[in-house]
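I have placed the structure first, in the form of structure tokens, so that the comments after it can refer back to it.
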Amino acid sequence: MEPVPAPDGEQAGPTAEDLLVRVAKGDERAFDALYDQLAGPIFGLVRRILRDAAQSEEVTQEVMVELWRTATRYSPERGSALNWAMTLAHRRAVDRVRSARASSEREVKATFEAARARPFDEVSEAVAARWERSQVRRCLTSLTELQRESVLLAYYQGYTYREVSEVLQTPHGTIKTRLRDGLIRLRDCLGVTA
């Protein structure tokens with residue numbers, strides 16, 4: 001096929017169909033151009049189905065790899081390259097949704113079965129949890145003020161080591177040492193064996 005003239009009189013690039021035929025022959029540069037043409041529309045379709053950007057990017061990459069691997073199966077007489085690619089993308093996205101749903105259902109079923117298999121005593125669970133909390137509070141008082149402050153920021157407020165270092169305006173290595181020493185003291189106080 002001849003390139004289609006662009007509105008300003010220049011020749012437009014090769015069509016997706018031409019590129020896919022060249023990709024089938026192992027042309028990597030044609031694949032780069034094909035990727036540029038199809039990745040956007042494929043991502044858009046997959047994103048509408050999955051509604052999750054990260055998973056949509058993964059599926060888009062999987063589809064592009066599949067296009068590279070199966071380009072020899074494409075026949076221009078049977079339809080456009082875009083339609084073929086979009087069909088592959090739709091199938092991949094639907095498979096991902098089905099897989100996620102099945103995995104979720106398996107987890108729910110396993111949780112339900114596990115809960116049914118062992119008796120649950122809410123009162124004893126609540127008492128044990130309350131006792132553990134009081135033990136942790138007691139052991140936290142055994143730490144130095146600097147260790148306790150670092151441990152509380154890192155483990156109860158979710159700060160990273162670097163963020164704790166910034167909040168306390170203390171070198172990163174010093175924070176790591178305080179946390180390590182504090183956790184060792186907590187472990188010893190709580191009677192946890194490694």
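Convention: chains lettered A, B, ... in structure tokens order; per-chain residue numbering from 1; ligands numbered from 1 as shown.
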Using DSSP secondary structure from the backbone, list all alpha helix (DSSP H) positions within stretch 21-187 of chain A, as number ranges by chain. A: 21-24, 28-50, 53-70, 81-117, 122-140, 145-151, 161-167, 172-187
Which residues are near A:Ile42? Cut-off 8 Å, only C-alpha atoms, ignore same chain within fewer than 3 positions. Put them as a PyMOL selection string. chain A and resi 38-39+45-46+60+85-86+89
Contact residues around A:Arg180 with only C-alpha atoms at 12 Å, ignoring same-chain residues under 6 positions, as a PyMOL selection string: chain A and resi 143+147-148+150-151+154+161+173-174+186-187
Could you give me, as a Markdown table, a per-residue list for stretch 51-125 of chain A showing, wherever an atom lies at most 10 Å from an atom of stretch 28-32 of chain A, the closest pair of atoms and their distance in Å to one decimal, using only C-alpha atoms and sorting by chain then residue number from low to high?
| residue | atom | partner | partner_atom | distance |
| --- | --- | --- | --- | --- |
| A:Met64 | CA | A:Phe31 | CA | 9.1 |
| A:Val65 | CA | A:Phe31 | CA | 9.9 |
| A:Leu67 | CA | A:Phe31 | CA | 9.0 |
| A:Trp68 | CA | A:Phe31 | CA | 7.2 |
| A:Ala71 | CA | A:Phe31 | CA | 9.9 |
